file entry_28.txt (compact mmCIF, C-alpha atoms)
# COMPACT_ATOMS: atom_id res chain seq x y z
CA MET A 1 -40.64 227.69 86.90
CA ALA A 2 -43.44 229.04 89.12
CA ALA A 3 -45.39 225.79 88.64
CA GLU A 4 -42.30 223.77 89.58
CA ASN A 5 -41.81 225.86 92.73
CA GLN A 6 -45.49 225.39 93.64
CA GLU A 7 -45.11 221.61 93.17
CA MET A 8 -42.05 221.59 95.44
CA ARG A 9 -43.87 223.69 98.05
CA GLU A 10 -46.67 221.14 98.14
CA GLN A 11 -44.15 218.37 98.78
CA LEU A 12 -42.43 220.20 101.63
CA GLY A 13 -43.50 219.81 105.24
CA GLU A 14 -42.34 218.01 108.40
CA GLY A 15 -38.62 217.48 108.35
CA ILE A 16 -37.81 218.57 104.82
CA LEU A 17 -40.19 216.89 102.37
CA LYS A 18 -43.71 215.56 102.74
CA SER A 19 -46.18 213.51 100.71
CA PRO A 20 -48.91 210.94 101.41
CA SER A 21 -47.74 207.84 103.26
CA SER A 22 -45.92 205.34 101.08
CA SER A 23 -46.38 201.63 100.97
CA ILE A 24 -45.05 198.70 98.98
CA ALA A 25 -47.34 196.06 97.59
CA LYS A 26 -46.48 192.53 98.67
CA PRO A 27 -47.85 189.53 96.76
CA THR A 28 -49.84 187.02 98.78
CA THR A 29 -50.61 183.37 98.12
CA ASN A 30 -54.01 184.12 96.57
CA ASN A 31 -52.59 186.64 94.03
CA GLN A 32 -53.81 189.72 95.91
CA GLN A 33 -51.65 192.73 96.64
CA GLN A 34 -51.38 193.66 100.31
CA PRO A 35 -49.60 196.92 101.12
CA ILE A 36 -46.79 196.80 103.65
CA GLN A 37 -46.45 200.06 105.54
CA LEU A 38 -42.93 201.48 105.34
CA SER A 39 -41.29 202.90 108.43
CA ARG A 40 -41.36 206.66 108.83
CA TYR A 41 -37.64 206.80 108.00
CA GLU A 42 -38.01 204.68 104.85
CA SER A 43 -41.00 206.73 103.67
CA GLN A 44 -39.12 209.98 104.25
CA LYS A 45 -36.03 208.62 102.49
CA ARG A 46 -38.13 207.64 99.45
CA ARG A 47 -39.83 211.07 99.32
CA ASP A 48 -36.48 212.85 99.64
CA TRP A 49 -34.96 210.71 96.90
CA ASN A 50 -37.89 211.33 94.56
CA THR A 51 -37.81 215.06 95.25
CA PHE A 52 -34.08 215.24 94.56
CA GLY A 53 -34.63 213.35 91.29
CA GLN A 54 -37.39 215.80 90.36
CA TYR A 55 -35.07 218.72 91.18
CA LEU A 56 -32.44 217.31 88.80
CA LYS A 57 -35.04 216.83 86.04
CA ASN A 58 -36.16 220.46 86.42
CA GLN A 59 -32.64 221.78 85.85
CA ARG A 60 -31.88 223.39 82.51
CA PRO A 61 -30.19 221.55 80.94
CA GLN A 62 -31.64 218.47 82.61
CA VAL A 63 -29.15 216.59 84.81
CA GLN A 64 -29.04 212.79 84.83
CA LEU A 65 -28.44 211.09 88.18
CA SER A 66 -25.26 209.50 86.81
CA GLU A 67 -23.93 213.02 86.06
CA CYS A 68 -24.84 214.41 89.48
CA ASN A 69 -22.01 215.70 91.65
CA PHE A 70 -21.63 217.55 94.95
CA ASN A 71 -22.29 220.91 93.24
CA HIS A 72 -25.79 219.77 92.33
CA VAL A 73 -26.34 218.65 95.93
CA LEU A 74 -25.16 222.02 97.26
CA ASP A 75 -27.47 223.83 94.83
CA PHE A 76 -30.35 221.62 96.01
CA LEU A 77 -29.65 222.47 99.67
CA ARG A 78 -29.56 226.19 98.87
CA TYR A 79 -32.77 225.83 96.85
CA LEU A 80 -34.50 224.25 99.87
CA ASP A 81 -33.68 227.29 102.01
CA GLN A 82 -36.60 229.16 100.47
CA PHE A 83 -38.96 226.66 102.13
CA GLY A 84 -37.30 226.90 105.58
CA LYS A 85 -39.04 227.73 108.83
CA THR A 86 -36.02 228.71 110.95
CA LYS A 87 -35.29 232.43 111.40
CA VAL A 88 -31.57 233.06 110.85
CA HIS A 89 -30.51 236.60 111.79
CA PHE A 90 -28.00 238.52 109.71
CA GLN A 91 -24.90 239.81 111.47
CA GLY A 92 -26.21 243.40 111.24
CA CYS A 93 -29.62 242.54 112.75
CA VAL A 94 -30.35 243.91 116.24
CA TYR A 95 -31.39 240.38 117.27
CA PHE A 96 -28.23 238.66 116.02
CA GLY A 97 -26.88 236.42 118.78
CA GLN A 98 -30.02 236.58 120.91
CA PRO A 99 -31.60 233.20 121.70
CA GLU A 100 -35.08 234.73 122.13
CA PRO A 101 -35.56 237.93 120.09
CA ALA A 102 -38.01 240.47 121.52
CA GLY A 103 -39.69 241.29 118.22
CA PRO A 104 -39.96 240.60 114.50
CA CYS A 105 -37.29 241.39 111.93
CA ASN A 106 -36.75 241.02 108.20
CA CYS A 107 -34.12 238.27 108.42
CA PRO A 108 -34.79 235.24 106.19
CA LEU A 109 -36.27 231.89 107.08
CA ARG A 110 -33.92 229.02 106.30
CA GLN A 111 -33.78 225.27 106.63
CA ALA A 112 -32.52 224.31 110.07
CA TRP A 113 -29.08 222.72 110.19
CA GLY A 114 -30.43 219.55 111.83
CA SER A 115 -33.00 219.09 109.07
CA LEU A 116 -30.36 219.46 106.36
CA ASP A 117 -28.03 217.06 108.15
CA ALA A 118 -30.78 214.42 108.42
CA LEU A 119 -31.75 214.98 104.78
CA ILE A 120 -28.19 214.39 103.59
CA GLY A 121 -28.01 211.21 105.67
CA ARG A 122 -31.20 209.87 104.07
CA LEU A 123 -30.12 210.84 100.54
CA ARG A 124 -26.69 209.32 101.08
CA ALA A 125 -28.30 206.00 102.02
CA ALA A 126 -30.86 206.21 99.19
CA TYR A 127 -28.12 206.84 96.61
CA GLU A 128 -26.36 203.60 97.53
CA GLU A 129 -29.64 201.65 97.79
CA ASN A 130 -30.49 202.76 94.26
CA GLY A 131 -27.29 201.37 92.75
CA GLY A 132 -24.82 204.16 93.36
CA SER A 133 -21.35 203.28 94.53
CA PRO A 134 -20.10 204.60 97.90
CA GLU A 135 -16.95 205.93 96.19
CA THR A 136 -18.95 208.20 93.85
CA ASN A 137 -21.70 209.19 96.30
CA PRO A 138 -22.12 212.97 95.89
CA PHE A 139 -23.90 213.18 99.27
CA ALA A 140 -20.78 211.82 101.01
CA SER A 141 -18.50 214.49 99.57
CA GLY A 142 -16.23 216.51 101.83
CA ALA A 143 -17.73 219.68 100.34
CA ILE A 144 -21.14 218.68 101.72
CA ARG A 145 -19.68 218.15 105.22
CA VAL A 146 -17.98 221.56 105.04
CA TYR A 147 -21.22 223.22 103.92
CA LEU A 148 -23.19 221.60 106.76
CA ARG A 149 -20.55 222.65 109.29
CA GLU A 150 -20.70 226.25 108.01
CA VAL A 151 -24.51 226.27 108.24
CA LYS A 152 -24.34 224.84 111.76
CA ASP A 153 -21.81 227.45 112.91
CA ALA A 154 -23.66 230.35 111.27
CA GLN A 155 -27.01 229.34 112.74
CA GLY A 156 -25.45 228.80 116.16
CA LYS A 157 -23.93 232.31 116.14
CA ALA A 158 -27.14 233.86 114.83
CA ARG A 159 -29.16 232.40 117.68
CA GLY A 160 -26.53 233.17 120.31
CA MET A 161 -26.14 229.56 121.39
CA PRO A 162 -23.64 227.42 119.50
CA TYR A 163 -24.58 223.81 118.87
CA LYS A 164 -22.76 221.49 121.23
CA LYS A 165 -22.05 217.87 120.63
CA LYS A 166 -23.98 215.75 123.08
CA LYS A 167 -21.73 213.84 125.42
CA LYS A 168 -22.55 210.34 126.54
CA LYS A 169 -23.59 210.13 130.14
CA LYS A 170 -21.44 207.88 132.26
CA LYS A 171 -23.33 205.30 134.25
CA ILE A 172 -22.27 204.81 137.82
CA ILE A 173 -22.90 201.45 139.45
CA GLU A 174 -22.54 200.87 143.13
CA ASN A 175 -21.15 197.50 143.96
CA VAL A 176 -21.68 196.37 147.50
CA SER A 177 -19.38 193.58 148.53
CA PHE A 178 -19.27 191.87 151.84
CA LYS A 179 -16.04 191.15 153.57
CA ALA A 180 -16.03 187.48 154.38
CA ASN A 181 -13.89 187.64 157.49
CA ILE A 182 -15.68 190.45 159.40
CA GLY A 183 -19.11 190.61 157.83
CA GLU A 184 -18.87 194.38 157.15
CA SER A 185 -20.05 195.86 153.92
CA SER A 186 -18.01 198.32 151.88
CA SER A 187 -19.02 200.26 148.83
CA SER A 188 -16.97 200.89 145.67
CA THR A 189 -17.91 202.79 142.49
CA PHE A 190 -17.27 201.65 138.90
CA GLN A 191 -17.81 203.68 135.75
CA MET A 192 -19.23 202.02 132.65
CA GLN A 193 -18.55 203.55 129.27
call {"tool": "encode", "arguments": {"input": "entry_28.txt", "output": "structure tokens"}}
result
Amino acid sequence: MAAENQEMREQLGEGILKSPSSSIAKPTTNNQQQPIQLSRYESQKRRDWNTFGQYLKNQRPQVQLSECNFNHVLDFLRYLDQFGKTKVHFQGCVYFGQPEPAGPCNCPLRQAWGSLDALIGRLRAAYEENGGSPETNPFASGAIRVYLREVKDAQGKARGMPYKKKKKKKKIIENVSFKANIGESSSSTFQMQ
């Protein structure tokens, strides 16, 4: 188990999971393989998918992907907390609810809510790209959404600043029209959404 944890630690980094850059070999006309560089998102999605598969294989008893359900996904998210870099203060901590604590404390480091949310999005897409049906996608389960919402709320309270949904900015366009009969200009404002 210690070797498995060390292997997972080596894979973790920016975002949630990290490994050398991935590429796909593309055949050319003269039978040579030329690598095509994947986008950062596609590379991260592949690494996340492979890491989740490795996590399932390391379970005792081993879990097949076809047997995977939302409970396995929740266990995986909790497992990843040990590799987190975000300080989440307990309710009894003197720094609970303070955006910028004055000193150190013994509260745990956890995965940030935004990182977990992005991870679930990538795994949800990878599941369907790898032959899973949207109806049975364990990453799309309501239990996962509830868990993410609870993590978001708890981390927002612990840091003293709740997460707020970003609102779209309304664009204001000034339209200057000329009155034909007197030659005066008037201004009117329109909002675009």
call {"tool": "atom_distance", "arguments": {"input": "entry_28.txt", "atom1": "CA of Gln82 (chain A)", "atom2": "CA of Arg110 (chain A)"}}
result
6.4 Å
call {"tool": "atom_distance", "arguments": {"input": "entry_28.txt", "atom1": "CA of Ala112 (chain A)", "atom2": "CA of Ser133 (chain A)"}}
result
28.4 Å
call {"tool": "atom_distance", "arguments": {"input": "entry_28.txt", "atom1": "CA of Val88 (chain A)", "atom2": "CA of Arg159 (chain A)"}}
result
7.3 Å
call {"tool": "closest_residue", "arguments": {"input": "entry_28.txt", "among": "A:Tyr127, A:Lys45, A:His89, A:Phe52", "to": "Pro101 (chain A)", "atoms": "only C-alpha atoms"}}
result
A:His89
call {"tool": "residues_around", "arguments": {"input": "entry_28.txt", "residues": "region 136-148 of chain A", "least_positions_apart": "3", "cutoff": "8 Å", "atoms": "all atoms listed in the file", "output": "list in words"}}
result
Cys68, Asn69, Phe70, Val73, Leu74, Trp113, Leu116, Asp117, Ile120, Gly121, Leu123, Arg124, Tyr127, Glu128, Gly132, Ser133, Val151 and Lys152 of chain A
call {"tool": "axis_aligned_box", "arguments": {"input": "entry_28.txt", "around": "region 127-132 of chain A", "padding_each_side": "4 Å", "output": "JSON"}}
result
{"center_x": -27.7, "center_y": 204.1, "center_z": 95.3, "size_x": 13.7, "size_y": 13.5, "size_z": 13.0}
call {"tool": "residues_around", "arguments": {"input": "entry_28.txt", "residues": "Tyr95 (chain A)", "least_positions_apart": "3", "cutoff": "10 Å", "atoms": "only C-alpha atoms", "output": "PyMOL selection string"}}
result
chain A and resi 88-92+98-105+107+158-160
call {"tool": "write_last_selection", "arguments": {"input": "entry_28.txt", "atoms": "C-alpha atoms", "output": "compact mmCIF listing (two decimals), in the frame of the given file"}}
result
# COMPACT_ATOMS: atom_id res chain seq x y z
CA VAL A 88 -31.57 233.06 110.85
CA HIS A 89 -30.51 236.60 111.79
CA PHE A 90 -28.00 238.52 109.71
CA GLN A 91 -24.90 239.81 111.47
CA GLY A 92 -26.21 243.40 111.24
CA GLN A 98 -30.02 236.58 120.91
CA PRO A 99 -31.60 233.20 121.70
CA GLU A 100 -35.08 234.73 122.13
CA PRO A 101 -35.56 237.93 120.09
CA ALA A 102 -38.01 240.47 121.52
CA GLY A 103 -39.69 241.29 118.22
CA PRO A 104 -39.96 240.60 114.50
CA CYS A 105 -37.29 241.39 111.93
CA CYS A 107 -34.12 238.27 108.42
CA ALA A 158 -27.14 233.86 114.83
CA ARG A 159 -29.16 232.40 117.68
CA GLY A 160 -26.53 233.17 120.31
call {"tool": "closest_residue", "arguments": {"input": "entry_28.txt", "among": "A:Trp49, A:Gly114, A:His72, A:Leu38", "to": "Asp153 (chain A)", "atoms": "only C-alpha atoms"}}
result
A:Gly114
call {"tool": "build_atoms", "arguments": {"input": "entry_28.txt", "residues": "region 64-84 of chain A", "atoms": "N, CA and C atoms", "output": "CSV table (one decimal), in the coordinates of the input"}}
result
chain,number,residue,atom,x,y,z
A,64,GLN,N,-28.8,214.2,84.5
A,64,GLN,CA,-29.0,212.8,84.8
A,64,GLN,C,-28.4,212.4,86.2
A,65,LEU,N,-29.0,211.5,86.9
A,65,LEU,CA,-28.4,211.1,88.2
A,65,LEU,C,-27.0,210.6,88.1
A,66,SER,N,-26.6,210.0,87.0
A,66,SER,CA,-25.3,209.5,86.8
A,66,SER,C,-24.3,210.7,86.6
A,67,GLU,N,-24.8,211.8,86.2
A,67,GLU,CA,-23.9,213.0,86.1
A,67,GLU,C,-23.9,213.9,87.3
A,68,CYS,N,-24.7,213.6,88.3
A,68,CYS,CA,-24.8,214.4,89.5
A,68,CYS,C,-23.6,214.4,90.3
A,69,ASN,N,-23.2,215.6,90.8
A,69,ASN,CA,-22.0,215.7,91.6
A,69,ASN,C,-22.3,216.6,92.9
A,70,PHE,N,-21.4,216.8,93.7
A,70,PHE,CA,-21.6,217.6,95.0
A,70,PHE,C,-22.1,219.0,94.7
A,71,ASN,N,-21.8,219.6,93.6
A,71,ASN,CA,-22.3,220.9,93.2
A,71,ASN,C,-23.8,220.9,93.1
A,72,HIS,N,-24.3,219.9,92.5
A,72,HIS,CA,-25.8,219.8,92.3
A,72,HIS,C,-26.5,219.6,93.7
A,73,VAL,N,-25.8,218.8,94.6
A,73,VAL,CA,-26.3,218.6,95.9
A,73,VAL,C,-26.3,220.0,96.7
A,74,LEU,N,-25.2,220.7,96.6
A,74,LEU,CA,-25.2,222.0,97.3
A,74,LEU,C,-26.2,223.0,96.7
A,75,ASP,N,-26.4,223.0,95.4
A,75,ASP,CA,-27.5,223.8,94.8
A,75,ASP,C,-28.8,223.4,95.3
A,76,PHE,N,-29.1,222.1,95.5
A,76,PHE,CA,-30.4,221.6,96.0
A,76,PHE,C,-30.6,222.1,97.5
A,77,LEU,N,-29.5,222.0,98.3
A,77,LEU,CA,-29.6,222.5,99.7
A,77,LEU,C,-29.9,224.0,99.7
A,78,ARG,N,-29.3,224.7,98.9
A,78,ARG,CA,-29.6,226.2,98.9
A,78,ARG,C,-31.0,226.5,98.4
A,79,TYR,N,-31.4,225.7,97.4
A,79,TYR,CA,-32.8,225.8,96.8
A,79,TYR,C,-33.8,225.6,98.0
A,80,LEU,N,-33.6,224.6,98.8
A,80,LEU,CA,-34.5,224.2,99.9
A,80,LEU,C,-34.6,225.3,100.9
A,81,ASP,N,-33.6,226.2,101.0
A,81,ASP,CA,-33.7,227.3,102.0
A,81,ASP,C,-34.9,228.1,101.9
A,82,GLN,N,-35.4,228.3,100.7
A,82,GLN,CA,-36.6,229.2,100.5
A,82,GLN,C,-37.9,228.6,101.1
A,83,PHE,N,-37.8,227.3,101.5
A,83,PHE,CA,-39.0,226.7,102.1
A,83,PHE,C,-38.7,226.5,103.6
A,84,GLY,N,-37.7,227.1,104.2
A,84,GLY,CA,-37.3,226.9,105.6
A,84,GLY,C,-38.2,227.6,106.5
